$ cat input-v3.pdb   # PDB, C-alpha atoms and all ligand atoms
MODEL        1
ATOM      1  CA  MET A   1      68.370  10.331  76.547
ATOM      2  CA  LYS A   2      70.714   7.741  75.102
ATOM      3  CA  SER A   3      74.304   7.594  76.183
ATOM      4  CA  THR A   4      76.765   8.098  73.361
ATOM      5  CA  ASP A   5      78.906   5.376  74.890
ATOM      6  CA  LYS A   6      76.746   2.263  75.262
ATOM      7  CA  SER A   7      79.237   0.630  77.579
ATOM      8  CA  ILE A   8      78.881   3.363  80.157
ATOM      9  CA  GLY A   9      75.652   4.017  82.048
ATOM     10  CA  THR A  10      74.700   7.375  83.499
ATOM     11  CA  THR A  11      73.986   7.864  87.164
ATOM     12  CA  PRO A  12      71.330  10.138  88.657
ATOM     13  CA  ASN A  13      74.136  12.580  89.396
ATOM     14  CA  GLY A  14      75.220  12.697  85.776
ATOM     15  CA  ARG A  15      78.416  10.811  86.420
ATOM     16  CA  THR A  16      79.219   7.815  84.303
ATOM     17  CA  ASP A  17      78.913   4.242  85.453
ATOM     18  CA  LYS A  18      82.595   3.860  84.679
ATOM     19  CA  ASN A  19      83.800   6.425  87.179
ATOM     20  CA  TRP A  20      80.812   6.179  89.509
ATOM     21  CA  GLY A  21      82.027   5.385  92.926
ATOM     22  CA  ASP A  22      85.708   6.028  92.293
ATOM     23  CA  SER A  23      85.781   8.910  94.726
ATOM     24  CA  ARG A  24      82.883   7.791  96.902
ATOM     25  CA  SER A  25      83.256   8.036 100.608
ATOM     26  CA  MET A  26      80.604   6.718 102.941
ATOM     27  CA  SER A  27      80.619   9.809 105.122
ATOM     28  CA  ALA A  28      80.339  12.127 102.111
ATOM     29  CA  LEU A  29      77.342  10.210 100.839
ATOM     30  CA  GLN A  30      75.717  10.527 104.220
ATOM     31  CA  LYS A  31      76.307  14.242 104.757
ATOM     32  CA  ASN A  32      76.216  15.904 101.363
ATOM     33  CA  SER A  33      73.119  14.505  99.703
ATOM     34  CA  GLU A  34      69.411  15.083 100.046
ATOM     35  CA  THR A  35      67.158  12.757 101.999
ATOM     36  CA  PRO A  36      66.712   9.856 102.402
ATOM     37  CA  ARG A  37      70.161   9.175 103.813
ATOM     38  CA  PHE A  38      71.345   6.473 106.158
ATOM     39  CA  SER A  39      71.446   7.291 109.839
ATOM     40  CA  ASN A  40      74.843   7.072 111.519
ATOM     41  CA  GLU A  41      73.990   3.623 112.834
ATOM     42  CA  ALA A  42      72.805   2.404 109.441
ATOM     43  CA  MET A  43      75.917   3.799 107.741
ATOM     44  CA  GLN A  44      78.106   1.907 110.197
ATOM     45  CA  GLU A  45      76.114  -1.240 109.497
ATOM     46  CA  ALA A  46      76.518  -0.654 105.756
ATOM     47  CA  GLU A  47      80.269  -0.477 106.221
ATOM     48  CA  ARG A  48      80.177  -3.772 108.122
ATOM     49  CA  ILE A  49      78.134  -5.360 105.330
ATOM     50  CA  PHE A  50      80.561  -4.209 102.641
ATOM     51  CA  LYS A  51      83.448  -5.818 104.532
ATOM     52  CA  ARG A  52      81.879  -9.247 103.854
ATOM     53  CA  TYR A  53      82.636  -8.896 100.149
ATOM     54  CA  PRO A  54      85.716  -8.210  98.008
ATOM     55  CA  GLU A  55      86.112  -4.525  97.156
ATOM     56  CA  ASP A  56      85.372  -5.204  93.472
ATOM     57  CA  LYS A  57      82.178  -7.115  94.351
ATOM     58  CA  ARG A  58      80.304  -4.378  96.198
ATOM     59  CA  GLN A  59      77.155  -5.173  94.251
ATOM     60  CA  SER A  60      76.948  -8.428  96.212
ATOM     61  CA  ALA A  61      75.831  -6.330  99.173
ATOM     62  CA  LEU A  62      72.654  -5.264  97.384
ATOM     63  CA  LEU A  63      70.161  -7.522  99.204
ATOM     64  CA  PRO A  64      71.364  -6.725 102.750
ATOM     65  CA  LEU A  65      71.691  -3.032 101.850
ATOM     66  CA  LEU A  66      68.058  -2.978 100.701
ATOM     67  CA  HIS A  67      66.969  -4.597 103.956
ATOM     68  CA  LEU A  68      69.024  -2.073 105.879
ATOM     69  CA  ALA A  69      67.547   0.831 103.932
ATOM     70  CA  GLN A  70      64.018  -0.455 104.413
ATOM     71  CA  ARG A  71      64.522  -0.644 108.167
ATOM     72  CA  ASP A  72      66.207   2.751 108.316
ATOM     73  CA  PHE A  73      63.705   4.536 106.077
ATOM     74  CA  GLY A  74      60.483   3.644 107.885
ATOM     75  CA  GLY A  75      59.691   0.206 106.509
ATOM     76  CA  TRP A  76      59.570   0.905 102.794
ATOM     77  CA  LEU A  77      61.723   1.895  99.832
ATOM     78  CA  SER A  78      60.805   4.935  97.791
ATOM     79  CA  PRO A  79      62.338   5.479  94.337
ATOM     80  CA  GLN A  80      64.655   7.994  95.969
ATOM     81  CA  ALA A  81      65.696   5.377  98.517
ATOM     82  CA  LEU A  82      66.442   2.897  95.727
ATOM     83  CA  ASP A  83      68.529   5.526  93.956
ATOM     84  CA  TYR A  84      70.385   6.158  97.195
ATOM     85  CA  VAL A  85      71.180   2.471  97.670
ATOM     86  CA  ALA A  86      72.533   2.411  94.118
ATOM     87  CA  GLU A  87      74.667   5.426  94.923
ATOM     88  CA  VAL A  88      76.040   3.905  98.128
ATOM     89  CA  ILE A  89      76.961   0.660  96.376
ATOM     90  CA  GLY A  90      78.178   2.355  93.214
ATOM     91  CA  ILE A  91      75.960   0.619  90.672
ATOM     92  CA  PRO A  92      73.388   1.924  88.176
ATOM     93  CA  PRO A  93      69.908   2.396  89.727
ATOM     94  CA  ILE A  94      68.381  -0.090  87.263
ATOM     95  CA  ARG A  95      70.308  -2.884  88.995
ATOM     96  CA  VAL A  96      68.627  -1.951  92.273
ATOM     97  CA  TYR A  97      65.179  -1.591  90.701
ATOM     98  CA  GLU A  98      65.478  -5.029  89.082
ATOM     99  CA  VAL A  99      66.029  -6.661  92.462
ATOM    100  CA  ALA A 100      63.721  -4.526  94.597
ATOM    101  CA  THR A 101      60.756  -5.093  92.290
ATOM    102  CA  PHE A 102      61.328  -8.867  92.157
ATOM    103  CA  TYR A 103      61.293  -9.764  95.856
ATOM    104  CA  THR A 104      58.121  -9.248  97.869
ATOM    105  CA  MET A 105      60.079  -8.591 101.064
ATOM    106  CA  TYR A 106      60.955  -5.149  99.756
ATOM    107  CA  ASN A 107      58.059  -2.773 100.270
ATOM    108  CA  LEU A 108      57.782  -0.239  97.472
ATOM    109  CA  LYS A 109      55.021   1.725  99.140
ATOM    110  CA  PRO A 110      54.450   2.674 102.780
ATOM    111  CA  VAL A 111      53.241  -0.063 105.105
ATOM    112  CA  GLY A 112      51.431   0.103 108.419
ATOM    113  CA  LYS A 113      52.958  -0.349 111.860
ATOM    114  CA  TYR A 114      52.040  -4.026 111.529
ATOM    115  CA  HIS A 115      52.717  -5.516 108.127
ATOM    116  CA  VAL A 116      50.647  -8.700 108.030
ATOM    117  CA  GLN A 117      51.903 -11.000 105.282
ATOM    118  CA  VAL A 118      49.814 -14.103 104.681
ATOM    119  CA  CYS A 119      51.315 -17.032 102.804
ATOM    120  CA  THR A 120      48.816 -18.506 100.354
ATOM    121  CA  ASN A 121      51.214 -20.814  98.563
ATOM    122  CA  ILE A 122      50.508 -24.502  98.084
ATOM    123  CA  SER A 123      51.144 -25.923 101.575
ATOM    124  CA  CYS A 124      49.406 -23.068 103.332
ATOM    125  CA  TRP A 125      46.559 -23.106 100.831
ATOM    126  CA  LEU A 126      46.009 -26.842 101.355
ATOM    127  CA  CYS A 127      45.991 -26.258 105.117
ATOM    128  CA  GLY A 128      43.454 -23.441 105.078
ATOM    129  CA  SER A 129      45.093 -20.133 104.172
ATOM    130  CA  ASP A 130      41.835 -19.039 102.524
ATOM    131  CA  GLY A 131      40.186 -19.133 105.939
ATOM    132  CA  ILE A 132      43.109 -17.261 107.473
ATOM    133  CA  MET A 133      42.862 -14.547 104.864
ATOM    134  CA  ASP A 134      39.079 -14.314 105.236
ATOM    135  CA  ALA A 135      39.473 -13.958 109.001
ATOM    136  CA  LEU A 136      41.988 -11.164 108.528
ATOM    137  CA  THR A 137      40.100  -9.224 105.890
ATOM    138  CA  GLY A 138      37.058  -9.340 108.169
ATOM    139  CA  LYS A 139      38.906  -8.545 111.385
ATOM    140  CA  LEU A 140      40.930  -5.701 109.911
ATOM    141  CA  ASP A 141      38.228  -4.566 107.480
ATOM    142  CA  LEU A 142      40.872  -4.459 104.770
ATOM    143  CA  LYS A 143      41.223  -5.809 101.269
ATOM    144  CA  ILE A 144      44.404  -7.631 100.323
ATOM    145  CA  GLY A 145      47.088  -5.059  99.559
ATOM    146  CA  ASP A 146      45.437  -2.266 101.517
ATOM    147  CA  SER A 147      46.517  -0.373 104.628
ATOM    148  CA  SER A 148      44.243   0.827 107.386
ATOM    149  CA  ASP A 149      43.504   4.538 107.576
ATOM    150  CA  ASP A 150      45.041   4.759 111.053
ATOM    151  CA  GLY A 151      48.361   3.402 109.728
ATOM    152  CA  ARG A 152      48.307   0.364 112.011
ATOM    153  CA  PHE A 153      47.919  -2.454 109.504
ATOM    154  CA  THR A 154      48.888  -3.449 106.001
ATOM    155  CA  LEU A 155      47.575  -6.765 104.707
ATOM    156  CA  THR A 156      49.608  -8.523 102.020
ATOM    157  CA  GLU A 157      49.406 -11.887 100.274
ATOM    158  CA  VAL A 158      52.820 -13.463  99.754
ATOM    159  CA  GLU A 159      54.417 -16.556  98.295
ATOM    160  CA  CYS A 160      56.008 -19.339 100.360
ATOM    161  CA  LEU A 161      57.801 -18.022 103.441
ATOM    162  CA  GLY A 162      59.623 -21.288 104.067
ATOM    163  CA  ALA A 163      57.577 -22.491 107.031
ATOM    164  CA  CYS A 164      55.494 -25.035 105.093
ATOM    165  CA  ALA A 165      55.789 -27.710 107.802
ATOM    166  CA  ASN A 166      53.727 -25.502 110.076
ATOM    167  CA  ALA A 167      51.181 -24.251 107.571
ATOM    168  CA  PRO A 168      49.117 -22.209 107.491
ATOM    169  CA  MET A 169      51.260 -19.330 108.618
ATOM    170  CA  LEU A 170      51.745 -15.603 108.372
ATOM    171  CA  GLN A 171      54.403 -13.051 109.147
ATOM    172  CA  ILE A 172      53.926  -9.805 111.063
ATOM    173  CA  ASN A 173      56.945  -7.560 110.693
ATOM    174  CA  ASP A 174      59.904  -9.831 111.584
ATOM    175  CA  ASP A 175      57.917 -12.542 113.393
ATOM    176  CA  TYR A 176      56.372 -15.767 112.090
ATOM    177  CA  TYR A 177      53.084 -17.176 113.413
ATOM    178  CA  GLU A 178      52.414 -20.792 112.497
ATOM    179  CA  ASP A 179      49.807 -23.577 112.750
ATOM    180  CA  LEU A 180      47.120 -20.938 112.529
ATOM    181  CA  THR A 181      43.369 -21.137 112.599
ATOM    182  CA  PRO A 182      40.921 -18.298 111.931
ATOM    183  CA  GLU A 183      40.293 -18.114 115.688
ATOM    184  CA  LYS A 184      44.005 -17.887 116.501
ATOM    185  CA  VAL A 185      44.426 -15.133 113.944
ATOM    186  CA  ALA A 186      41.648 -13.043 115.461
ATOM    187  CA  ASP A 187      43.207 -13.484 118.907
ATOM    188  CA  LEU A 188      46.638 -12.612 117.538
ATOM    189  CA  ILE A 189      45.387  -9.333 116.136
ATOM    190  CA  ASP A 190      43.623  -8.503 119.413
ATOM    191  CA  ARG A 191      46.836  -9.022 121.377
ATOM    192  CA  LEU A 192      48.981  -6.670 119.312
ATOM    193  CA  PRO A 193      49.874  -3.565 121.348
TER     194      PRO A 193
HETATM  195  S1  LIG B 201      53.582 -22.642 101.497
HETATM  196 FE1  LIG B 201      53.253 -21.283 103.165
HETATM  197  S2  LIG B 201      55.180 -21.269 104.171
HETATM  198 FE2  LIG B 201      55.511 -22.543 102.455
ENDMDL
END
$ encode --input "input-v3.pdb" --output "structure tokens"
Amino acid sequence: MKSTDKSIGTTPNGRTDKNWGDSRSMSALQKNSETPRFSNEAMQEAERIFKRYPEDKRQSALLPLLHLAQRDFGGWLSPQALDYVAEVIGIPPIRVYEVATFYTMYNLKPVGKYHVQVCTNISCWLCGSDGIMDALTGKLDLKIGDSSDDGRFTLTEVECLGACANAPMLQINDDYYEDLTPEKVADLIDRLP
């Protein structure tokens, strides 16, 4: 449905973009809405993040808030989670969707306990990322983009992760593994608890 006032967006709660957030309180957002909602610890962290920015620039907290939500909501961001982040910041959901769908570090579907992200960009490709990926697809018996049935692994192909000097490399959850070979990758997977 189109808004009659094109300068004012409509929020999921039916409030207008213009007044959205005027009466927001962090604790009210946490207690009075349906799941997913930030845990107490995540809400405190959100408040710390907002303090880094001027009050009228809350949207600048979008990237760290998405990271926080992803950690707090089990490693991925559902549409409801994205709507919630928009609500917490006080911006239209489309602003959150635009960002969350652009960056590969935001997972828009559930991932396994170990999210294996293999860089196949130019430096890693020149240094053998094809072999790394082949070793992983064979070892994990997964296709790129798939998760294992037991929920342990998700295998993803990603763009440059900024560790080109030590290519080829991959990331598992928050950790980087560099100067890899297919043999090292197989051993790495075997050593995961
Ligand atoms: S190309 Fe792989 S980390 Fe940069």
$ residues_near_ligand --input "input-v3.pdb" --ligand "ligand LIG 201 (chain B)" --cutoff "7 Å" --atoms "all atoms listed in the file" --output "ChimeraX atom specification"
/A:119-124,159-164,167-169
$ atom_distance --input "input-v3.pdb" --atom1 "CA of Gln59 (chain A)" --atom2 "CA of Pro92 (chain A)"
10.1 Å
$ resolve_selection --input "input-v3.pdb" --expression "the PyMOL selection byres (((chain A and resi 71) around 12) and not hetatm)" --output "PyMOL selection string"
chain A and resi 38-39+41-42+45+64-70+72-77+81+105-107+110-111+173-174
$ atom_distance --input "input-v3.pdb" --atom1 "CA of Ile132 (chain A)" --atom2 "CA of Thr101 (chain A)"
26.3 Å
$ closest_residue --input "input-v3.pdb" --among "A:Glu157, A:Asp130, A:Asp179, A:Glu47" --to "Ile89 (chain A)" --atoms "only C-alpha atoms"
A:Glu47
$ atom_distance --input "input-v3.pdb" --atom1 "CA of Lys51 (chain A)" --atom2 "CA of Arg95 (chain A)"
20.6 Å
$ axis_aligned_box --input "input-v3.pdb" --around "region 40-58 of chain A" --padding-each-side "6 Å" --output "AutoDock Vina command-line options"
--center_x 79.5 --center_y -1.1 --center_z 103.2 --size_x 25.3 --size_y 28.3 --size_z 31.4
$ residues_around --input "input-v3.pdb" --residues "Asp134 (chain A)" --least-positions-apart "5" --cutoff "9 Å" --atoms "only C-alpha atoms" --output "VMD selection string"
chain A and resid 129 139 182
$ closest_residue --input "input-v3.pdb" --among "A:Glu178, A:Lys184, A:Trp125, A:Ser60" --to "Val99 (chain A)" --atoms "all atoms listed in the file"
A:Ser60
$ decode --input "input-v3.pdb" --residues "region 47-96 of chain A" --atoms "N, CA and C atoms" --output "PDB file, in the first residue's frame"
ATOM      1  N   GLU A  47      23.266  -0.225  23.812  1.00  0.00           N
ATOM      2  CA  GLU A  47      23.304   1.120  24.384  1.00  0.00           C
ATOM      3  C   GLU A  47      24.714   1.696  24.328  1.00  0.00           C
ATOM      4  N   ARG A  48      25.713   0.825  24.567  1.00  0.00           N
ATOM      5  CA  ARG A  48      27.104   1.298  24.473  1.00  0.00           C
ATOM      6  C   ARG A  48      27.437   1.697  23.032  1.00  0.00           C
ATOM      7  N   ILE A  49      26.958   0.924  22.080  1.00  0.00           N
ATOM      8  CA  ILE A  49      27.227   1.240  20.669  1.00  0.00           C
ATOM      9  C   ILE A  49      26.603   2.580  20.289  1.00  0.00           C
ATOM     10  N   PHE A  50      25.363   2.802  20.708  1.00  0.00           N
ATOM     11  CA  PHE A  50      24.700   4.062  20.355  1.00  0.00           C
ATOM     12  C   PHE A  50      25.443   5.274  20.902  1.00  0.00           C
ATOM     13  N   LYS A  51      26.109   5.098  22.050  1.00  0.00           N
ATOM     14  CA  LYS A  51      26.816   6.236  22.656  1.00  0.00           C
ATOM     15  C   LYS A  51      28.000   6.690  21.798  1.00  0.00           C
ATOM     16  N   ARG A  52      28.433   5.864  20.838  1.00  0.00           N
ATOM     17  CA  ARG A  52      29.549   6.283  19.972  1.00  0.00           C
ATOM     18  C   ARG A  52      29.119   7.347  18.961  1.00  0.00           C
ATOM     19  N   TYR A  53      27.826   7.514  18.790  1.00  0.00           N
ATOM     20  CA  TYR A  53      27.329   8.367  17.703  1.00  0.00           C
ATOM     21  C   TYR A  53      26.438   9.476  18.264  1.00  0.00           C
ATOM     22  N   PRO A  54      26.363  10.607  17.542  1.00  0.00           N
ATOM     23  CA  PRO A  54      25.428  11.663  17.962  1.00  0.00           C
ATOM     24  C   PRO A  54      24.001  11.120  17.959  1.00  0.00           C
ATOM     25  N   GLU A  55      23.175  11.673  18.819  1.00  0.00           N
ATOM     26  CA  GLU A  55      21.795  11.180  18.978  1.00  0.00           C
ATOM     27  C   GLU A  55      21.037  11.215  17.652  1.00  0.00           C
ATOM     28  N   ASP A  56      21.309  12.219  16.810  1.00  0.00           N
ATOM     29  CA  ASP A  56      20.587  12.313  15.538  1.00  0.00           C
ATOM     30  C   ASP A  56      21.264  11.508  14.420  1.00  0.00           C
ATOM     31  N   LYS A  57      22.246  10.703  14.774  1.00  0.00           N
ATOM     32  CA  LYS A  57      22.918   9.841  13.783  1.00  0.00           C
ATOM     33  C   LYS A  57      22.871   8.375  14.221  1.00  0.00           C
ATOM     34  N   ARG A  58      21.744   7.972  14.784  1.00  0.00           N
ATOM     35  CA  ARG A  58      21.630   6.600  15.282  1.00  0.00           C
ATOM     36  C   ARG A  58      21.805   5.567  14.179  1.00  0.00           C
ATOM     37  N   GLN A  59      21.459   5.956  12.953  1.00  0.00           N
ATOM     38  CA  GLN A  59      21.577   4.994  11.853  1.00  0.00           C
ATOM     39  C   GLN A  59      23.024   4.581  11.604  1.00  0.00           C
ATOM     40  N   SER A  60      23.971   5.394  12.100  1.00  0.00           N
ATOM     41  CA  SER A  60      25.381   5.036  11.943  1.00  0.00           C
ATOM     42  C   SER A  60      25.731   3.763  12.706  1.00  0.00           C
ATOM     43  N   ALA A  61      24.887   3.387  13.636  1.00  0.00           N
ATOM     44  CA  ALA A  61      25.146   2.175  14.428  1.00  0.00           C
ATOM     45  C   ALA A  61      24.656   0.912  13.726  1.00  0.00           C
ATOM     46  N   LEU A  62      24.203   1.031  12.497  1.00  0.00           N
ATOM     47  CA  LEU A  62      23.570  -0.116  11.838  1.00  0.00           C
ATOM     48  C   LEU A  62      24.502  -1.325  11.711  1.00  0.00           C
ATOM     49  N   LEU A  63      25.723  -1.122  11.214  1.00  0.00           N
ATOM     50  CA  LEU A  63      26.620  -2.276  11.023  1.00  0.00           C
ATOM     51  C   LEU A  63      26.921  -2.986  12.341  1.00  0.00           C
ATOM     52  N   PRO A  64      27.363  -2.270  13.390  1.00  0.00           N
ATOM     53  CA  PRO A  64      27.622  -2.995  14.647  1.00  0.00           C
ATOM     54  C   PRO A  64      26.355  -3.597  15.256  1.00  0.00           C
ATOM     55  N   LEU A  65      25.213  -2.950  15.059  1.00  0.00           N
ATOM     56  CA  LEU A  65      23.964  -3.520  15.595  1.00  0.00           C
ATOM     57  C   LEU A  65      23.609  -4.822  14.880  1.00  0.00           C
ATOM     58  N   LEU A  66      23.878  -4.893  13.578  1.00  0.00           N
ATOM     59  CA  LEU A  66      23.617  -6.142  12.852  1.00  0.00           C
ATOM     60  C   LEU A  66      24.549  -7.250  13.329  1.00  0.00           C
ATOM     61  N   HIS A  67      25.808  -6.907  13.557  1.00  0.00           N
ATOM     62  CA  HIS A  67      26.729  -7.915  14.107  1.00  0.00           C
ATOM     63  C   HIS A  67      26.249  -8.391  15.473  1.00  0.00           C
ATOM     64  N   LEU A  68      25.844  -7.438  16.288  1.00  0.00           N
ATOM     65  CA  LEU A  68      25.363  -7.782  17.630  1.00  0.00           C
ATOM     66  C   LEU A  68      24.142  -8.693  17.547  1.00  0.00           C
ATOM     67  N   ALA A  69      23.212  -8.344  16.671  1.00  0.00           N
ATOM     68  CA  ALA A  69      21.997  -9.149  16.533  1.00  0.00           C
ATOM     69  C   ALA A  69      22.332 -10.548  16.027  1.00  0.00           C
ATOM     70  N   GLN A  70      23.258 -10.616  15.086  1.00  0.00           N
ATOM     71  CA  GLN A  70      23.614 -11.938  14.547  1.00  0.00           C
ATOM     72  C   GLN A  70      24.195 -12.825  15.637  1.00  0.00           C
ATOM     73  N   ARG A  71      25.055 -12.238  16.472  1.00  0.00           N
ATOM     74  CA  ARG A  71      25.625 -13.023  17.575  1.00  0.00           C
ATOM     75  C   ARG A  71      24.545 -13.419  18.566  1.00  0.00           C
ATOM     76  N   ASP A  72      23.650 -12.498  18.859  1.00  0.00           N
ATOM     77  CA  ASP A  72      22.646 -12.739  19.907  1.00  0.00           C
ATOM     78  C   ASP A  72      21.516 -13.654  19.435  1.00  0.00           C
ATOM     79  N   PHE A  73      21.306 -13.726  18.135  1.00  0.00           N
ATOM     80  CA  PHE A  73      20.174 -14.496  17.613  1.00  0.00           C
ATOM     81  C   PHE A  73      20.619 -15.798  16.956  1.00  0.00           C
ATOM     82  N   GLY A  74      21.721 -16.374  17.406  1.00  0.00           N
ATOM     83  CA  GLY A  74      22.096 -17.707  16.948  1.00  0.00           C
ATOM     84  C   GLY A  74      22.859 -17.757  15.645  1.00  0.00           C
ATOM     85  N   GLY A  75      23.529 -16.650  15.280  1.00  0.00           N
ATOM     86  CA  GLY A  75      24.427 -16.705  14.137  1.00  0.00           C
ATOM     87  C   GLY A  75      23.818 -16.314  12.806  1.00  0.00           C
ATOM     88  N   TRP A  76      22.559 -15.907  12.809  1.00  0.00           N
ATOM     89  CA  TRP A  76      21.968 -15.474  11.539  1.00  0.00           C
ATOM     90  C   TRP A  76      20.869 -14.460  11.806  1.00  0.00           C
ATOM     91  N   LEU A  77      20.431 -13.810  10.707  1.00  0.00           N
ATOM     92  CA  LEU A  77      19.465 -12.718  10.813  1.00  0.00           C
ATOM     93  C   LEU A  77      18.226 -13.054   9.994  1.00  0.00           C
ATOM     94  N   SER A  78      17.164 -13.359  10.669  1.00  0.00           N
ATOM     95  CA  SER A  78      15.891 -13.613   9.991  1.00  0.00           C
ATOM     96  C   SER A  78      15.270 -12.276   9.582  1.00  0.00           C
ATOM     97  N   PRO A  79      14.264 -12.290   8.704  1.00  0.00           N
ATOM     98  CA  PRO A  79      13.571 -11.036   8.393  1.00  0.00           C
ATOM     99  C   PRO A  79      13.025 -10.352   9.642  1.00  0.00           C
ATOM    100  N   GLN A  80      12.551 -11.149  10.585  1.00  0.00           N
ATOM    101  CA  GLN A  80      12.047 -10.555  11.829  1.00  0.00           C
ATOM    102  C   GLN A  80      13.180  -9.886  12.609  1.00  0.00           C
ATOM    103  N   ALA A  81      14.361 -10.503  12.576  1.00  0.00           N
ATOM    104  CA  ALA A  81      15.503  -9.903  13.266  1.00  0.00           C
ATOM    105  C   ALA A  81      15.889  -8.583  12.605  1.00  0.00           C
ATOM    106  N   LEU A  82      15.852  -8.549  11.273  1.00  0.00           N
ATOM    107  CA  LEU A  82      16.181  -7.307  10.566  1.00  0.00           C
ATOM    108  C   LEU A  82      15.174  -6.218  10.907  1.00  0.00           C
ATOM    109  N   ASP A  83      13.897  -6.605  10.968  1.00  0.00           N
ATOM    110  CA  ASP A  83      12.868  -5.630  11.353  1.00  0.00           C
ATOM    111  C   ASP A  83      13.126  -5.106  12.768  1.00  0.00           C
ATOM    112  N   TYR A  84      13.553  -6.014  13.636  1.00  0.00           N
ATOM    113  CA  TYR A  84      13.809  -5.613  15.020  1.00  0.00           C
ATOM    114  C   TYR A  84      14.965  -4.620  15.107  1.00  0.00           C
ATOM    115  N   VAL A  85      16.029  -4.888  14.344  1.00  0.00           N
ATOM    116  CA  VAL A  85      17.163  -3.959  14.339  1.00  0.00           C
ATOM    117  C   VAL A  85      16.709  -2.582  13.844  1.00  0.00           C
ATOM    118  N   ALA A  86      15.864  -2.580  12.820  1.00  0.00           N
ATOM    119  CA  ALA A  86      15.328  -1.301  12.335  1.00  0.00           C
ATOM    120  C   ALA A  86      14.555  -0.588  13.427  1.00  0.00           C
ATOM    121  N   GLU A  87      13.791  -1.365  14.178  1.00  0.00           N
ATOM    122  CA  GLU A  87      12.973  -0.789  15.247  1.00  0.00           C
ATOM    123  C   GLU A  87      13.855  -0.212  16.354  1.00  0.00           C
ATOM    124  N   VAL A  88      14.895  -0.948  16.718  1.00  0.00           N
ATOM    125  CA  VAL A  88      15.788  -0.480  17.787  1.00  0.00           C
ATOM    126  C   VAL A  88      16.479   0.820  17.380  1.00  0.00           C
ATOM    127  N   ILE A  89      16.931   0.871  16.112  1.00  0.00           N
ATOM    128  CA  ILE A  89      17.634   2.074  15.661  1.00  0.00           C
ATOM    129  C   ILE A  89      16.663   3.218  15.400  1.00  0.00           C
ATOM    130  N   GLY A  90      15.465   2.857  14.905  1.00  0.00           N
ATOM    131  CA  GLY A  90      14.494   3.893  14.573  1.00  0.00           C
ATOM    132  C   GLY A  90      14.594   4.324  13.130  1.00  0.00           C
ATOM    133  N   ILE A  91      14.814   3.344  12.246  1.00  0.00           N
ATOM    134  CA  ILE A  91      14.881   3.629  10.809  1.00  0.00           C
ATOM    135  C   ILE A  91      13.955   2.665  10.072  1.00  0.00           C
ATOM    136  N   PRO A  92      13.557   2.991   8.848  1.00  0.00           N
ATOM    137  CA  PRO A  92      12.700   2.073   8.095  1.00  0.00           C
ATOM    138  C   PRO A  92      13.419   0.748   7.835  1.00  0.00           C
ATOM    139  N   PRO A  93      12.708  -0.375   7.870  1.00  0.00           N
ATOM    140  CA  PRO A  93      13.336  -1.685   7.639  1.00  0.00           C
ATOM    141  C   PRO A  93      14.103  -1.772   6.325  1.00  0.00           C
ATOM    142  N   ILE A  94      13.657  -1.061   5.280  1.00  0.00           N
ATOM    143  CA  ILE A  94      14.357  -1.155   3.997  1.00  0.00           C
ATOM    144  C   ILE A  94      15.809  -0.729   4.123  1.00  0.00           C
ATOM    145  N   ARG A  95      16.100   0.210   5.000  1.00  0.00           N
ATOM    146  CA  ARG A  95      17.487   0.648   5.209  1.00  0.00           C
ATOM    147  C   ARG A  95      18.331  -0.506   5.755  1.00  0.00           C
ATOM    148  N   VAL A  96      17.737  -1.312   6.612  1.00  0.00           N
ATOM    149  CA  VAL A  96      18.458  -2.452   7.180  1.00  0.00           C
ATOM    150  C   VAL A  96      18.615  -3.558   6.133  1.00  0.00           C
TER     151      VAL A  96
END
